[in-house]
Structures are given as structure tokens and as C-alpha cells.
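**Q** So here's work.cif (mmCIF, C-alpha atoms).
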```cif
data_data
#
loop_
_atom_site.group_PDB
_atom_site.id
_atom_site.type_symbol
_atom_site.label_atom_id
_atom_site.label_comp_id
_atom_site.auth_asym_id
_atom_site.auth_seq_id
_atom_site.Cartn_x
_atom_site.Cartn_y
_atom_site.Cartn_z
ATOM 1 C CA PRO A 1332 98.662 245.274 96.012
ATOM 2 C CA SER A 1333 99.793 246.457 92.607
ATOM 3 C CA LYS A 1334 97.442 248.010 90.077
ATOM 4 C CA GLY A 1335 97.556 244.779 88.076
ATOM 5 C CA THR A 1336 96.532 242.727 91.115
ATOM 6 C CA ARG A 1337 93.706 245.082 91.984
ATOM 7 C CA LEU A 1338 92.297 245.006 88.463
ATOM 8 C CA ALA A 1339 92.751 241.237 88.315
ATOM 9 C CA ALA A 1340 90.518 240.956 91.376
ATOM 10 C CA VAL A 1341 87.813 242.982 89.701
ATOM 11 C CA LEU A 1342 88.108 240.931 86.522
ATOM 12 C CA ALA A 1343 87.944 237.694 88.533
ATOM 13 C CA LEU A 1344 84.726 238.860 90.148
ATOM 14 C CA SER A 1345 83.231 239.572 86.747
ATOM 15 C CA SER A 1346 84.260 236.144 85.464
ATOM 16 C CA TRP A 1347 82.890 234.346 88.487
ATOM 17 C CA ARG A 1348 79.613 236.255 88.506
ATOM 18 C CA ARG A 1349 79.036 235.240 84.897
ATOM 19 C CA ARG A 1350 80.038 231.625 85.558
ATOM 20 C CA HIS A 1351 82.819 231.821 83.008
ATOM 21 C CA ASP A 1352 85.441 231.040 85.640
ATOM 22 C CA PRO A 1353 84.832 227.837 87.592
ATOM 23 C CA SER A 1354 87.639 228.586 90.038
ATOM 24 C CA ARG A 1355 86.128 230.068 93.197
ATOM 25 C CA ASN A 1356 89.564 229.714 94.805
ATOM 26 C CA ARG A 1357 90.993 232.134 92.265
ATOM 27 C CA LEU A 1358 88.274 234.657 93.084
ATOM 28 C CA ASP A 1359 88.811 234.333 96.827
ATOM 29 C CA ALA A 1360 92.556 234.685 96.430
ATOM 30 C CA CYS A 1361 92.188 237.880 94.423
ATOM 31 C CA LEU A 1362 89.561 239.439 96.656
ATOM 32 C CA ALA A 1363 91.539 238.567 99.780
ATOM 33 C CA LYS A 1364 94.236 240.966 98.583
ATOM 34 C CA LEU A 1365 91.818 243.893 98.608
ATOM 35 C CA ASP A 1366 91.490 245.921 101.782
ATOM 36 C CA PRO A 1367 87.746 246.763 102.228
ATOM 37 C CA GLY A 1368 88.716 250.412 102.585
ATOM 38 C CA MET A 1369 90.221 250.307 99.127
ATOM 39 C CA LEU A 1370 86.921 249.541 97.395
ATOM 40 C CA PRO A 1371 86.247 253.092 96.117
ATOM 41 C CA SER A 1372 89.735 253.605 94.712
ATOM 42 C CA VAL A 1373 89.926 250.132 93.184
ATOM 43 C CA CYS A 1374 86.547 250.452 91.475
ATOM 44 C CA GLU A 1375 87.255 253.999 90.310
ATOM 45 C CA GLU A 1376 90.521 252.787 88.815
ATOM 46 C CA ALA A 1377 88.757 249.883 87.118
ATOM 47 C CA LEU A 1378 85.931 252.054 85.756
ATOM 48 C CA GLY A 1379 88.482 254.342 84.149
ATOM 49 C CA GLY A 1380 90.166 251.471 82.334
ATOM 50 C CA ALA A 1381 89.866 250.447 78.717
ATOM 51 C CA GLN A 1382 88.965 246.780 79.221
ATOM 52 C CA LEU A 1383 85.210 246.209 79.077
ATOM 53 C CA GLU A 1384 85.278 243.145 81.342
ATOM 54 C CA VAL A 1385 87.122 245.052 84.072
ATOM 55 C CA ARG A 1386 84.702 247.980 83.962
ATOM 56 C CA GLU A 1387 81.749 245.599 84.063
ATOM 57 C CA GLY A 1388 83.311 243.751 86.976
ATOM 58 C CA ALA A 1389 83.690 247.017 88.883
ATOM 59 C CA LEU A 1390 80.025 247.854 88.315
ATOM 60 C CA GLU A 1391 79.000 244.411 89.540
ATOM 61 C CA LEU A 1392 81.125 244.849 92.650
ATOM 62 C CA LEU A 1393 79.451 248.200 93.257
ATOM 63 C CA SER A 1394 76.037 246.555 92.849
ATOM 64 C CA LEU A 1395 76.937 244.428 95.869
ATOM 65 C CA LYS A 1396 78.390 247.255 97.950
ATOM 66 C CA GLY A 1397 76.495 250.409 96.876
ATOM 67 C CA GLU A 1398 79.354 252.933 97.022
ATOM 68 C CA ARG A 1399 77.711 256.379 96.619
ATOM 69 C CA SER A 1400 81.010 258.234 96.338
ATOM 70 C CA LEU A 1401 81.470 256.729 92.867
ATOM 71 C CA LEU A 1402 78.228 258.063 91.395
ATOM 72 C CA GLU A 1403 79.996 260.201 88.785
ATOM 73 C CA SER A 1404 82.262 257.336 87.763
ATOM 74 C CA VAL A 1405 79.260 255.058 87.297
ATOM 75 C CA LEU A 1406 77.506 257.671 85.164
ATOM 76 C CA LEU A 1407 80.584 257.987 82.961
ATOM 77 C CA ALA A 1408 80.686 254.212 82.577
ATOM 78 C CA ALA A 1409 76.971 254.253 81.690
ATOM 79 C CA GLU A 1410 77.789 256.205 78.520
ATOM 80 C CA ASP A 1411 78.859 252.858 77.066
ATOM 81 C CA GLU A 1412 75.664 251.126 75.895
ATOM 82 C CA ARG A 1413 77.200 247.735 76.667
ATOM 83 C CA LEU A 1414 77.304 248.651 80.363
ATOM 84 C CA GLU A 1415 73.769 250.025 80.768
ATOM 85 C CA GLU A 1416 72.357 247.081 82.720
ATOM 86 C CA ALA A 1417 75.351 246.812 85.053
ATOM 87 C CA ALA A 1418 75.378 250.578 85.631
ATOM 88 C CA LEU A 1419 71.654 250.599 86.449
ATOM 89 C CA THR A 1420 72.132 247.866 89.039
ATOM 90 C CA ALA A 1421 75.053 249.759 90.574
ATOM 91 C CA LEU A 1422 72.978 252.953 90.845
ATOM 92 C CA LEU A 1423 70.029 251.163 92.450
ATOM 93 C CA ALA A 1424 72.360 249.667 95.040
ATOM 94 C CA MET A 1425 73.284 253.210 96.117
ATOM 95 C CA GLY A 1426 69.711 253.762 97.333
ATOM 96 C CA PRO A 1427 67.115 256.568 97.166
ATOM 97 C CA SER A 1428 69.499 259.206 98.536
ATOM 98 C CA ILE A 1429 71.121 259.584 95.112
ATOM 99 C CA ALA A 1430 67.877 260.671 93.392
ATOM 100 C CA GLU A 1431 68.541 264.400 93.766
ATOM 101 C CA SER A 1432 72.065 264.058 92.376
ATOM 102 C CA LEU A 1433 70.744 262.049 89.431
ATOM 103 C CA LEU A 1434 68.358 264.854 88.521
ATOM 104 C CA LEU A 1435 71.140 267.413 88.107
ATOM 105 C CA GLY A 1436 72.152 267.916 84.501
ATOM 106 C CA LEU A 1437 69.801 265.207 83.262
ATOM 107 C CA GLU A 1438 69.394 266.829 79.859
ATOM 108 C CA ARG A 1439 73.163 267.016 79.344
ATOM 109 C CA LEU A 1440 73.801 263.293 79.778
ATOM 110 C CA ALA A 1441 74.774 261.086 76.871
ATOM 111 C CA PRO A 1442 71.787 259.042 75.587
ATOM 112 C CA ALA A 1443 72.891 255.739 77.145
ATOM 113 C CA ALA A 1444 73.656 257.346 80.516
ATOM 114 C CA ARG A 1445 70.335 259.199 80.451
ATOM 115 C CA ARG A 1446 68.467 255.927 79.893
ATOM 116 C CA VAL A 1447 70.234 254.448 82.901
ATOM 117 C CA VAL A 1448 69.431 257.458 85.097
ATOM 118 C CA LEU A 1449 65.777 257.527 84.057
ATOM 119 C CA GLY A 1450 65.508 253.822 84.720
ATOM 120 C CA ALA A 1451 67.005 254.295 88.176
ATOM 121 C CA LEU A 1452 64.732 257.230 88.997
ATOM 122 C CA SER A 1453 61.606 255.351 87.965
ATOM 123 C CA GLN A 1454 62.586 252.295 90.010
ATOM 124 C CA LEU A 1455 63.596 254.368 93.028
ATOM 125 C CA GLY A 1456 60.117 255.940 92.881
ATOM 126 C CA ASP A 1457 61.197 259.424 93.992
ATOM 127 C CA GLU A 1458 58.413 261.930 93.249
ATOM 128 C CA ARG A 1459 60.968 264.737 93.025
ATOM 129 C CA ALA A 1460 61.809 263.324 89.610
ATOM 130 C CA VAL A 1461 58.383 264.171 88.164
ATOM 131 C CA ILE A 1462 58.886 267.879 87.413
ATOM 132 C CA PRO A 1463 62.358 267.502 85.816
ATOM 133 C CA LEU A 1464 61.069 264.566 83.771
ATOM 134 C CA VAL A 1465 58.076 266.604 82.584
ATOM 135 C CA GLY A 1466 60.518 269.339 81.575
ATOM 136 C CA LEU A 1467 62.510 266.812 79.567
ATOM 137 C CA LEU A 1468 59.268 265.548 78.059
ATOM 138 C CA GLU A 1469 58.269 269.050 76.912
ATOM 139 C CA LEU A 1470 61.643 270.455 75.872
ATOM 140 C CA GLY A 1471 63.461 267.353 74.731
ATOM 141 C CA GLU A 1472 63.266 265.693 71.360
ATOM 142 C CA GLY A 1473 62.801 262.171 70.058
ATOM 143 C CA GLU A 1474 64.678 259.674 72.205
ATOM 144 C CA ALA A 1475 64.716 261.941 75.273
ATOM 145 C CA GLN A 1476 60.926 262.358 75.142
ATOM 146 C CA LEU A 1477 60.427 258.643 74.678
ATOM 147 C CA GLU A 1478 62.586 257.831 77.712
ATOM 148 C CA ALA A 1479 60.964 260.523 79.865
ATOM 149 C CA ALA A 1480 57.468 259.248 79.015
ATOM 150 C CA ARG A 1481 58.413 255.719 80.007
ATOM 151 C CA ALA A 1482 59.942 256.861 83.279
ATOM 152 C CA LEU A 1483 56.883 258.983 84.140
ATOM 153 C CA GLY A 1484 54.607 256.048 83.419
ATOM 154 C CA GLU A 1485 56.648 253.952 85.830
ATOM 155 C CA LEU A 1486 56.471 256.638 88.522
ATOM 156 C CA GLY A 1487 52.679 256.773 88.223
ATOM 157 C CA ASP A 1488 52.252 260.407 89.319
ATOM 158 C CA GLY A 1489 49.075 262.132 88.110
ATOM 159 C CA ARG A 1490 50.915 265.381 87.373
ATOM 160 C CA ALA A 1491 52.396 263.705 84.316
ATOM 161 C CA ILE A 1492 49.056 262.833 82.667
ATOM 162 C CA GLU A 1493 48.501 266.069 80.730
ATOM 163 C CA PRO A 1494 52.024 266.508 79.309
ATOM 164 C CA ILE A 1495 52.119 262.835 78.351
ATOM 165 C CA ALA A 1496 48.687 263.053 76.691
ATOM 166 C CA ARG A 1497 49.922 265.864 74.460
ATOM 167 C CA LEU A 1498 52.417 263.448 72.920
ATOM 168 C CA LEU A 1499 49.679 261.246 71.483
ATOM 169 C CA GLY A 1500 49.336 263.514 68.469
ATOM 170 C CA ARG A 1501 53.049 263.459 67.630
ATOM 171 C CA THR A 1502 54.089 262.221 64.220
ATOM 172 C CA ASP A 1503 56.994 260.288 65.739
ATOM 173 C CA ARG A 1504 55.313 256.930 66.235
ATOM 174 C CA ARG A 1505 57.826 255.772 68.827
ATOM 175 C CA VAL A 1506 57.183 258.812 71.008
ATOM 176 C CA ALA A 1507 53.415 258.484 70.592
ATOM 177 C CA GLY A 1508 53.693 254.781 71.427
ATOM 178 C CA ALA A 1509 55.651 255.531 74.589
ATOM 179 C CA ALA A 1510 52.943 258.037 75.551
ATOM 180 C CA VAL A 1511 50.269 255.377 75.087
ATOM 181 C CA GLU A 1512 52.193 252.924 77.265
ATOM 182 C CA ALA A 1513 52.677 255.565 79.973
ATOM 183 C CA LEU A 1514 48.980 256.501 79.968
ATOM 184 C CA VAL A 1515 48.001 252.862 80.278
ATOM 185 C CA ARG A 1516 50.135 252.626 83.400
ATOM 186 C CA LEU A 1517 48.734 255.856 84.821
ATOM 187 C CA ALA A 1518 45.160 254.832 84.026
ATOM 188 C CA LYS A 1519 45.443 251.812 86.292
ATOM 189 C CA GLN A 1520 45.024 254.239 89.172
ATOM 190 C CA GLU A 1521 43.551 257.352 87.533
ATOM 191 C CA ARG A 1522 41.555 256.259 84.496
ATOM 192 C CA GLU A 1523 38.962 259.053 84.642
ATOM 193 C CA ALA A 1524 41.619 261.703 85.125
ATOM 194 C CA VAL A 1525 43.491 260.372 82.114
ATOM 195 C CA LEU A 1526 40.390 260.455 79.912
ATOM 196 C CA GLU A 1527 39.297 263.906 81.140
ATOM 197 C CA ILE A 1528 42.658 265.441 80.320
ATOM 198 C CA CYS A 1529 42.684 263.713 76.946
ATOM 199 C CA ARG A 1530 39.247 265.148 76.107
ATOM 200 C CA ALA A 1531 40.378 268.648 77.085
ATOM 201 C CA ASN A 1532 43.648 268.608 75.186
ATOM 202 C CA LEU A 1533 43.262 266.279 72.216
ATOM 203 C CA ASP A 1534 41.132 266.128 69.130
ATOM 204 C CA ALA A 1535 38.364 263.555 68.865
ATOM 205 C CA ALA A 1536 40.471 260.927 67.123
ATOM 206 C CA ASP A 1537 43.232 261.049 69.712
ATOM 207 C CA THR A 1538 40.723 261.079 72.569
ATOM 208 C CA ARG A 1539 39.130 257.908 71.184
ATOM 209 C CA ARG A 1540 42.568 256.385 70.943
ATOM 210 C CA ALA A 1541 43.240 257.225 74.581
ATOM 211 C CA ALA A 1542 39.900 255.749 75.644
ATOM 212 C CA ASP A 1543 40.640 252.579 73.717
ATOM 213 C CA VAL A 1544 44.022 252.013 75.324
ATOM 214 C CA CYS A 1545 42.905 252.974 78.830
#
```
In C-alpha cells, how does this file's structure come out?

**A**
Amino acid sequence: PSKGTRLAAVLALSSWRRRHDPSRNRLDACLAKLDPGMLPSVCEEALGGAQLEVREGALELLSLKGERSLLESVLLAAEDERLEEAALTALLAMGPSIAESLLLGLERLAPAARRVVLGALSQLGDERAVIPLVGLLELGEGEAQLEAARALGELGDGRAIEPIARLLGRTDRRVAGAAVEALVRLAKQEREAVLEICRANLDAADTRRAADVC
């Protein structure tokens, strides 16, 4: 099939998935023209296109098929904030085996792509993500710290308690708020550990704050 036909199939999938196109026959006709072995090349072609609906359709197709060979293409697409949700779903469909690849170059990702990766890592629950996320928490700034704190809270690993607790005294209220939320999650399993580390590392006011939220 021509490039136009291949991209039309991806666009038809997007339309159907969002119930904007009532014609299931149109979808079937387009998809029937795609050889299953062509999935990676078709989706890669679509993800590199300029049309938002086509790129979103490709990500939705990947969320059904979980094509790991297109990890880099999905991460590039995730740089567009409008595609964050679709990119996250596509990454999760690839399974836990991509966790190590996601950790490489985490700090160099564009903000939107980094949010997607951190969301995927926290939902995949891979404990290998803890140390790199703590590094991002300690060396990053602003938005990166906020996202890392949220992801660590989701992972629920006790190694993150102390570095997260140190964020409670930050003047950036959003970062401090993310730290509070993460500690609340961690305290569901390790309340005493959370409070002990807070007492050892924070002043009295911040320790009381930690006790109140935990």
C-alpha cells in the first residue's frame, strides 16, 4: 500500500477509537491493507508525521500491540504535551522489559517526555528506577524534582523516604507539596520509618508537618 493508504489506516483507527467515525467498515477496509509485519514501519512513519491525529492514532495502535522496537519513536512523540496520555499507554503496553531503557538519559528528556517516562516507571513498579529517580530528585530542579517525588511515592520503596523528606523544607510549594504526597503514600507501609527520618533530618516545624500528614 502507498504511504497515503498506510497513514489513512492509522488515522481511521484513531477516529474509530474516539467514536468520531461511525463507519467500522471503513476502519476494517483500511486495516485490511496493512500486512501485520508492516506494523513497526507504518507506526514509525506515522509518528514522524506532522498531523496530530495520525501520530495519536499510531500511539493507540501501539497500545494494542506493544511494539518495543519503536521505543525511541514513542519517546520523541511524547515530547508533544498533547500526546502524553497516548504515549504513556503505548509504553505500558511494551511491558516491564523496557524499564532499563527508560532509565537511560532520563535527565536529558524534554519535560513532557520525562513525565511520561516517570509515569511509566512508577506504574511498571520496577525497583531499579529508585536510585536514578533519587538522583533526579537531588540534582534536578523544580518540575523534575516534583515529577521524581511523585514517581517515588508511587513506587513505594523505603530508600526514597529520606531524600523525599528533605524536600519538605523547600520554598517551592509545589515541590514541597509533591514531597508531602509521596510521604503519605510511603507512610501507608512505613509510617514509623517516615517519621524517624523526618525527625533526624528536619527541623521541629517540618517534623510536625510530616507527622500531621502521615

**Q** Distance CA of Gly1426 in chain A-CA of Arg1399 in chain A, one decimal place?

**A** 8.4 Å

**Q** Would you kindly translate the PyMOL selection byres ((chain A and resi 1484-1493) around 6) into the concrete residues it picks from this file, as a list in words?

**A**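 When the PyMOL selection byres ((chain A and resi 1484-1493) around 6) is applied to the shown file, the picked residues are Ser1453, Gly1456, Arg1481, Ala1482, Leu1483, Pro1494, Ile1495, Ala1496, Ala1513, Arg1516, Leu1517 and Ile1528 of chain A.
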
**Q** With C-alpha atoms retained, write the just-selected residues as a tab-separated table (two decimals), in the frame of the given file.

**A**
```tsv
chain	number	residue	atom	x	y	z
A	1453	SER	CA	61.61	255.35	87.96
A	1456	GLY	CA	60.12	255.94	92.88
A	1481	ARG	CA	58.41	255.72	80.01
A	1482	ALA	CA	59.94	256.86	83.28
A	1483	LEU	CA	56.88	258.98	84.14
A	1494	PRO	CA	52.02	266.51	79.31
A	1495	ILE	CA	52.12	262.83	78.35
A	1496	ALA	CA	48.69	263.05	76.69
A	1513	ALA	CA	52.68	255.56	79.97
A	1516	ARG	CA	50.14	252.63	83.40
A	1517	LEU	CA	48.73	255.86	84.82
A	1528	ILE	CA	42.66	265.44	80.32
```

**Q** In Å to one decimal, how far is CA of Leu1464 in chain A from CA of Leu1401 in chain A?

**A** 23.7 Å

**Q** Arg1413 in chain A: which residues within 10 Å, counting all atoms listed in the file, same-chain residues fewer than 5 positions away excluded, as a CSV table (one decimal) with C-alpha atoms, in the coordinates of the input?

**A**
```csv
chain,number,residue,atom,x,y,z
A,1383,LEU,CA,85.2,246.2,79.1
A,1387,GLU,CA,81.7,245.6,84.1
A,1408,ALA,CA,80.7,254.2,82.6
A,1418,ALA,CA,75.4,250.6,85.6
A,1443,ALA,CA,72.9,255.7,77.1
```

**Q** Report the distance between CA of Leu1434 in chain A and CA of Pro1463 in chain A in Å, rounded to one decimal place.

**A**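 Computing the Euclidean distance for CA of Leu1434 in chain A and CA of Pro1463 in chain A yields 7.1 Å.
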
**Q** Here is a test: counting all atoms listed in the file, which residue of A:Ala1381, A:Leu1467, A:Leu1393, A:Leu1406 is nearest to Thr1420 in chain A?

**A**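 Ranked by minimum distance to Thr1420 in chain A, first place goes to A:Leu1393.
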
**Q** Compute the distance from (73.6, 263.1, 82.4) to each atom, counting all atoms listed in the file, keep the residues with any atom at most 12 Å away, and return them as a list of chain:residue names; use the coordinates of the file.

**A** A:Leu1402, A:Glu1403, A:Ser1404, A:Val1405, A:Leu1406, A:Leu1407, A:Ala1408, A:Ala1409, A:Glu1410, A:Ser1432, A:Leu1433, A:Leu1434, A:Leu1435, A:Gly1436, A:Leu1437, A:Glu1438, A:Arg1439, A:Leu1440, A:Ala1441, A:Pro1442, A:Ala1443, A:Ala1444, A:Arg1445, A:Arg1446, A:Val1447, A:Val1448, A:Leu1449, A:Ala1475

**Q** The PyMOL selection byres ((chain A and resi 1371) around 12) on the file shown: which residues, as a PDB file with C-alpha atoms, in the coordinates of the input?

**A**
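See expr_14.pdb below for the written result:
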```
ATOM      1  CA  ARG A1337      93.706 245.082  91.984  1.00  0.00           C
ATOM      2  CA  LEU A1365      91.818 243.893  98.608  1.00  0.00           C
ATOM      3  CA  ASP A1366      91.490 245.921 101.782  1.00  0.00           C
ATOM      4  CA  PRO A1367      87.746 246.763 102.228  1.00  0.00           C
ATOM      5  CA  GLY A1368      88.716 250.412 102.585  1.00  0.00           C
ATOM      6  CA  MET A1369      90.221 250.307  99.127  1.00  0.00           C
ATOM      7  CA  LEU A1370      86.921 249.541  97.395  1.00  0.00           C
ATOM      8  CA  SER A1372      89.735 253.605  94.712  1.00  0.00           C
ATOM      9  CA  VAL A1373      89.926 250.132  93.184  1.00  0.00           C
ATOM     10  CA  CYS A1374      86.547 250.452  91.475  1.00  0.00           C
ATOM     11  CA  GLU A1375      87.255 253.999  90.310  1.00  0.00           C
ATOM     12  CA  GLU A1376      90.521 252.787  88.815  1.00  0.00           C
ATOM     13  CA  ALA A1377      88.757 249.883  87.118  1.00  0.00           C
ATOM     14  CA  LEU A1378      85.931 252.054  85.756  1.00  0.00           C
ATOM     15  CA  ALA A1389      83.690 247.017  88.883  1.00  0.00           C
ATOM     16  CA  LEU A1390      80.025 247.854  88.315  1.00  0.00           C
ATOM     17  CA  LEU A1392      81.125 244.849  92.650  1.00  0.00           C
ATOM     18  CA  LEU A1393      79.451 248.200  93.257  1.00  0.00           C
ATOM     19  CA  LYS A1396      78.390 247.255  97.950  1.00  0.00           C
ATOM     20  CA  GLY A1397      76.495 250.409  96.876  1.00  0.00           C
ATOM     21  CA  GLU A1398      79.354 252.933  97.022  1.00  0.00           C
ATOM     22  CA  ARG A1399      77.711 256.379  96.619  1.00  0.00           C
ATOM     23  CA  SER A1400      81.010 258.234  96.338  1.00  0.00           C
ATOM     24  CA  LEU A1401      81.470 256.729  92.867  1.00  0.00           C
ATOM     25  CA  LEU A1402      78.228 258.063  91.395  1.00  0.00           C
ATOM     26  CA  GLU A1403      79.996 260.201  88.785  1.00  0.00           C
ATOM     27  CA  SER A1404      82.262 257.336  87.763  1.00  0.00           C
ATOM     28  CA  VAL A1405      79.260 255.058  87.297  1.00  0.00           C
TER      29      VAL A1405
END
```

**Q** Which polymer residues, whether protein, DNA or RNA, lie within 9 Å of the coordinate (55.0, 255.7, 74.5) when you count all atoms listed in the file? List them as JSON, numbers by chain, using the chain letters and numbers from the file.

**A** {"A": [1476, 1477, 1478, 1480, 1481, 1484, 1495, 1498, 1499, 1504, 1505, 1506, 1507, 1508, 1509, 1510, 1511, 1512, 1513, 1514]}

**Q** Under the rule that only C-alpha atoms are counted, which of A:Pro1427, A:Gly1500, A:Gly1388, A:Gly1380 is the nearest residue to Leu1452 in chain A?

**A**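 So, comparing all the options, the nearest one is A:Pro1427.
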